[in-house]
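See below for entry20.pdb, which holds PDB, C-alpha atoms, pLDDT in the B column.
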```pdb
ATOM      1  CA  MET A 483       9.109  -6.187   9.816  1.00 46.00           C
ATOM      2  CA  LEU A 484      10.254  -3.352  12.019  1.00 48.00           C
ATOM      3  CA  LYS A 485       9.297  -2.459  15.547  1.00 47.00           C
ATOM      4  CA  SER A 486       8.135   0.910  16.726  1.00 46.00           C
ATOM      5  CA  GLU A 487       9.920   2.867  19.429  1.00 44.00           C
ATOM      6  CA  LYS A 488       7.910   4.028  22.438  1.00 44.00           C
ATOM      7  CA  GLN A 489       7.943   7.827  22.712  1.00 44.00           C
ATOM      8  CA  ALA A 490       5.209   8.625  25.227  1.00 46.00           C
ATOM      9  CA  ASP A 491       2.618   6.977  27.466  1.00 48.00           C
ATOM     10  CA  ASP A 492       0.059   6.902  24.655  1.00 52.00           C
ATOM     11  CA  ALA A 493       2.564   5.777  22.025  1.00 52.00           C
ATOM     12  CA  PRO A 494       2.133   2.378  20.377  1.00 51.00           C
ATOM     13  CA  ASP A 495       3.554  -0.687  22.088  1.00 59.00           C
ATOM     14  CA  PRO A 496       7.230  -1.026  21.037  1.00 61.00           C
ATOM     15  CA  ASP A 497       6.954  -4.809  20.781  1.00 69.00           C
ATOM     16  CA  VAL A 498       4.219  -4.772  18.155  1.00 71.00           C
ATOM     17  CA  PRO A 499       5.647  -5.724  14.746  1.00 78.00           C
ATOM     18  CA  ILE A 500       4.879  -3.330  11.917  1.00 77.00           C
ATOM     19  CA  GLU A 501       4.846  -4.525   8.347  1.00 79.00           C
ATOM     20  CA  LEU A 502       5.908  -1.888   5.883  1.00 80.00           C
ATOM     21  CA  SER A 503       4.174  -2.491   2.569  1.00 81.00           C
ATOM     22  CA  ASN A 504       2.356  -0.607  -0.166  1.00 79.00           C
ATOM     23  CA  GLU A 505      -0.910  -1.384   1.612  1.00 80.00           C
ATOM     24  CA  ASP A 506       0.158   1.196   4.197  1.00 80.00           C
ATOM     25  CA  PHE A 507      -0.986   4.508   2.689  1.00 78.00           C
ATOM     26  CA  LEU A 508       1.840   6.493   4.265  1.00 82.00           C
ATOM     27  CA  PHE A 509       4.651   4.070   3.472  1.00 85.00           C
ATOM     28  CA  LYS A 510       3.530   4.080  -0.148  1.00 84.00           C
ATOM     29  CA  GLU A 511       4.133   7.847  -0.225  1.00 84.00           C
ATOM     30  CA  VAL A 512       7.342   8.072   1.816  1.00 85.00           C
ATOM     31  CA  ARG A 513       9.319   4.966   0.906  1.00 86.00           C
ATOM     32  CA  ASP A 514      11.513   6.852  -1.575  1.00 88.00           C
ATOM     33  CA  ILE A 515      11.832  10.064   0.458  1.00 87.00           C
ATOM     34  CA  HIS A 516      15.026  10.872   2.340  1.00 85.00           C
ATOM     35  CA  LEU A 517      14.704  10.840   6.123  1.00 82.00           C
ATOM     36  CA  LYS A 518      15.164  14.629   6.227  1.00 83.00           C
ATOM     37  CA  GLY A 519      12.097  15.136   4.000  1.00 86.00           C
ATOM     38  CA  LEU A 520       9.857  12.861   6.017  1.00 85.00           C
ATOM     39  CA  GLY A 521       8.942  15.550   8.545  1.00 85.00           C
ATOM     40  CA  LYS A 522       7.272  17.679   5.883  1.00 89.00           C
ATOM     41  CA  VAL A 523       5.105  14.771   4.700  1.00 88.00           C
ATOM     42  CA  THR A 524       4.052  13.674   8.194  1.00 87.00           C
ATOM     43  CA  THR A 525       3.280  17.275   9.190  1.00 88.00           C
ATOM     44  CA  GLU A 526       1.095  17.642   6.099  1.00 90.00           C
ATOM     45  CA  LYS A 527      -0.766  14.406   6.871  1.00 87.00           C
ATOM     46  CA  LEU A 528      -1.306  15.429  10.501  1.00 87.00           C
ATOM     47  CA  ARG A 529      -2.630  18.791   9.319  1.00 90.00           C
ATOM     48  CA  ASP A 530      -5.039  17.032   6.922  1.00 85.00           C
ATOM     49  CA  ILE A 531      -6.337  14.824   9.734  1.00 84.00           C
ATOM     50  CA  GLN A 532      -6.722  17.813  12.057  1.00 86.00           C
ATOM     51  CA  ASN A 533      -8.636  19.746   9.367  1.00 85.00           C
ATOM     52  CA  ILE A 534     -11.053  16.844   8.948  1.00 81.00           C
ATOM     53  CA  ILE A 535     -11.551  16.602  12.703  1.00 81.00           C
ATOM     54  CA  ASP A 536     -12.096  20.369  12.967  1.00 83.00           C
ATOM     55  CA  LYS A 537     -14.763  20.303  10.221  1.00 79.00           C
ATOM     56  CA  ARG A 538     -17.005  18.031  12.275  1.00 76.00           C
ATOM     57  CA  ASP A 539     -17.921  20.943  14.550  1.00 75.00           C
ATOM     58  CA  ASN A 540     -18.887  23.244  11.679  1.00 78.00           C
ATOM     59  CA  PRO A 541     -22.551  23.416  10.702  1.00 71.00           C
ATOM     60  CA  GLN A 542     -23.040  21.681   7.375  1.00 74.00           C
ATOM     61  CA  SER A 543     -25.765  21.001   4.857  1.00 83.00           C
ATOM     62  CA  ILE A 544     -26.922  17.436   4.261  1.00 84.00           C
ATOM     63  CA  SER A 545     -24.810  17.079   1.108  1.00 86.00           C
ATOM     64  CA  GLU A 546     -21.715  18.497   2.841  1.00 82.00           C
ATOM     65  CA  LEU A 547     -22.297  16.184   5.779  1.00 82.00           C
ATOM     66  CA  SER A 548     -22.619  13.228   3.417  1.00 83.00           C
ATOM     67  CA  GLU A 549     -19.288  14.119   1.754  1.00 83.00           C
ATOM     68  CA  TYR A 550     -17.700  14.554   5.186  1.00 81.00           C
ATOM     69  CA  VAL A 551     -18.845  11.093   6.299  1.00 81.00           C
ATOM     70  CA  LYS A 552     -17.512   9.527   3.073  1.00 82.00           C
ATOM     71  CA  LYS A 553     -14.160  11.236   3.619  1.00 78.00           C
ATOM     72  CA  ILE A 554     -13.940  10.012   7.211  1.00 78.00           C
ATOM     73  CA  LYS A 555     -14.803   6.455   6.213  1.00 78.00           C
ATOM     74  CA  SER A 556     -12.291   6.381   3.384  1.00 76.00           C
ATOM     75  CA  MET A 557      -9.521   7.893   5.487  1.00 73.00           C
ATOM     76  CA  ASN A 558     -10.147   5.906   8.684  1.00 76.00           C
ATOM     77  CA  ILE A 559      -8.815   8.646  10.949  1.00 77.00           C
ATOM     78  CA  ALA A 560      -7.974   6.437  13.930  1.00 77.00           C
ATOM     79  CA  LYS A 561      -5.937   4.070  11.751  1.00 81.00           C
ATOM     80  CA  SER A 562      -4.278   6.991   9.951  1.00 82.00           C
ATOM     81  CA  LYS A 563      -3.202   8.594  13.223  1.00 84.00           C
ATOM     82  CA  GLU A 564      -1.860   5.254  14.445  1.00 85.00           C
ATOM     83  CA  MET A 565       0.146   4.733  11.243  1.00 85.00           C
ATOM     84  CA  LEU A 566       1.526   8.261  11.444  1.00 88.00           C
ATOM     85  CA  ASP A 567       2.614   7.581  15.030  1.00 88.00           C
ATOM     86  CA  HIS A 568       4.387   4.423  13.914  1.00 86.00           C
ATOM     87  CA  HIS A 569       6.178   6.153  11.047  1.00 86.00           C
ATOM     88  CA  ILE A 570       7.215   9.117  13.196  1.00 88.00           C
ATOM     89  CA  ASN A 571       8.543   6.772  15.885  1.00 87.00           C
ATOM     90  CA  LEU A 572      10.423   4.684  13.317  1.00 86.00           C
ATOM     91  CA  ALA A 573      11.948   7.772  11.711  1.00 87.00           C
ATOM     92  CA  THR A 574      13.022   9.044  15.134  1.00 88.00           C
ATOM     93  CA  HIS A 575      14.587   5.681  15.954  1.00 86.00           C
ATOM     94  CA  ILE A 576      16.450   5.546  12.627  1.00 85.00           C
ATOM     95  CA  ASN A 577      17.632   9.134  13.042  1.00 84.00           C
ATOM     96  CA  ASN A 578      18.876   8.429  16.590  1.00 86.00           C
ATOM     97  CA  THR A 579      20.657   5.291  15.372  1.00 83.00           C
ATOM     98  CA  GLN A 580      22.402   7.249  12.615  1.00 80.00           C
ATOM     99  CA  LYS A 581      23.588   9.810  15.154  1.00 80.00           C
ATOM    100  CA  ASN A 582      25.088   7.045  17.290  1.00 79.00           C
ATOM    101  CA  LEU A 583      28.898   7.166  17.303  1.00 70.00           C
ATOM    102  CA  ASP A 584      29.242   3.406  16.635  1.00 76.00           C
ATOM    103  CA  TYR A 585      26.982   3.642  13.599  1.00 72.00           C
ATOM    104  CA  SER A 586      28.918   6.629  12.251  1.00 72.00           C
ATOM    105  CA  GLN A 587      32.206   4.793  12.633  1.00 78.00           C
ATOM    106  CA  CYS A 588      30.909   1.666  10.867  1.00 76.00           C
ATOM    107  CA  TYR A 589      29.453   3.796   8.079  1.00 73.00           C
ATOM    108  CA  THR A 590      32.774   5.596   7.638  1.00 79.00           C
ATOM    109  CA  LEU A 591      34.664   2.310   7.528  1.00 76.00           C
ATOM    110  CA  GLU A 592      32.357   0.942   4.840  1.00 76.00           C
ATOM    111  CA  GLN A 593      33.012   3.951   2.592  1.00 73.00           C
TER     112      GLN A 593
END
```
Would you give me this structure, written as structure tokens?
Amino acid sequence: MLKSEKQADDAPDPDVPIELSNEDFLFKEVRDIHLKGLGKVTTEKLRDIQNIIDKRDNPQSISELSEYVKKIKSMNIAKSKEMLDHHINLATHINNTQKNLDYSQCYTLEQ
């Protein structure tokens, strides 16, 4: 289990353990992606969530509204946003650690 890194006042608690497994919809998609490619995936997911949220204000027919409700239930927007926050914070922490001079020196020595 990894811990998240606090980024802002509304960021998740840094002492809350996070289990990375295939049950996590985002981890399942990004586990084999290089850290540099993670930003594109998280941006896409955030855009998808924002599009769903924006659609709630649009007038819809009963069938469109029914589909919208199904989509919201299946996606669980609050949980999705929380998981995205965790993954973004973890990626930032890993990236900052890799930029650390001590880490770079150890990595170079291991090569």
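Remark: for Leu502 (chain A), the closest of the candidate residues A:His568, A:Lys527, A:Lys522, A:Lys537 is A:His568 (distances computed over only C-alpha atoms).
With all atoms listed in the file as the atoms that count, the residue of A:Asn582, A:Leu520, A:Glu546, A:Lys555 with the shortest distance to Leu508 (chain A) is A:Leu520.
Closest to Asp567 (chain A) among A:Glu501, A:Gly519, A:Leu528, A:Ser548 is A:Leu528, based on only C-alpha atoms.
Proximity of A:Leu517, A:Leu566, A:Val498, A:Val551 to Arg529 (chain A), computed with only C-alpha atoms, is greatest for A:Leu566.
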To one decimal place in Å, what is the distance between CA of Ile559 (chain A) and CA of Thr525 (chain A)?
15.0 Å
Separation of CA of Asp539 (chain A) from CA of Ser556 (chain A), in Å and rounded to one decimal:
19.2 Å
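As for CA of Met557 (chain A) and CA of Asp530 (chain A), they are spaced 10.3 Å apart.
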Once 6 Å is added on each side, what are the centre and the three edge lengths, in Å to one decimal, of the axis-aligned box enclosing the listed atoms of region 559-576 of chain A? Present them as lines of an AutoDock Vina configuration file.
```
center_x = 3.8
center_y = 6.6
center_z = 13.0
size_x = 37.3
size_y = 17.0
size_z = 18.0
```
Within 12 Å of (15.7, 9.9, 14.8) (coordinates as in the file), grab all the protein and nucleic acid residues, counting all atoms listed in the file, and write them out as a ChimeraX atom specification.
/A:486-487,489,517-518,520-521,569-582
Residue nearest Ala560 (chain A) - candidates A:Val512, A:Ser545, A:Ser503, A:Ile535, atoms counted: only C-alpha atoms:
A:Ile535
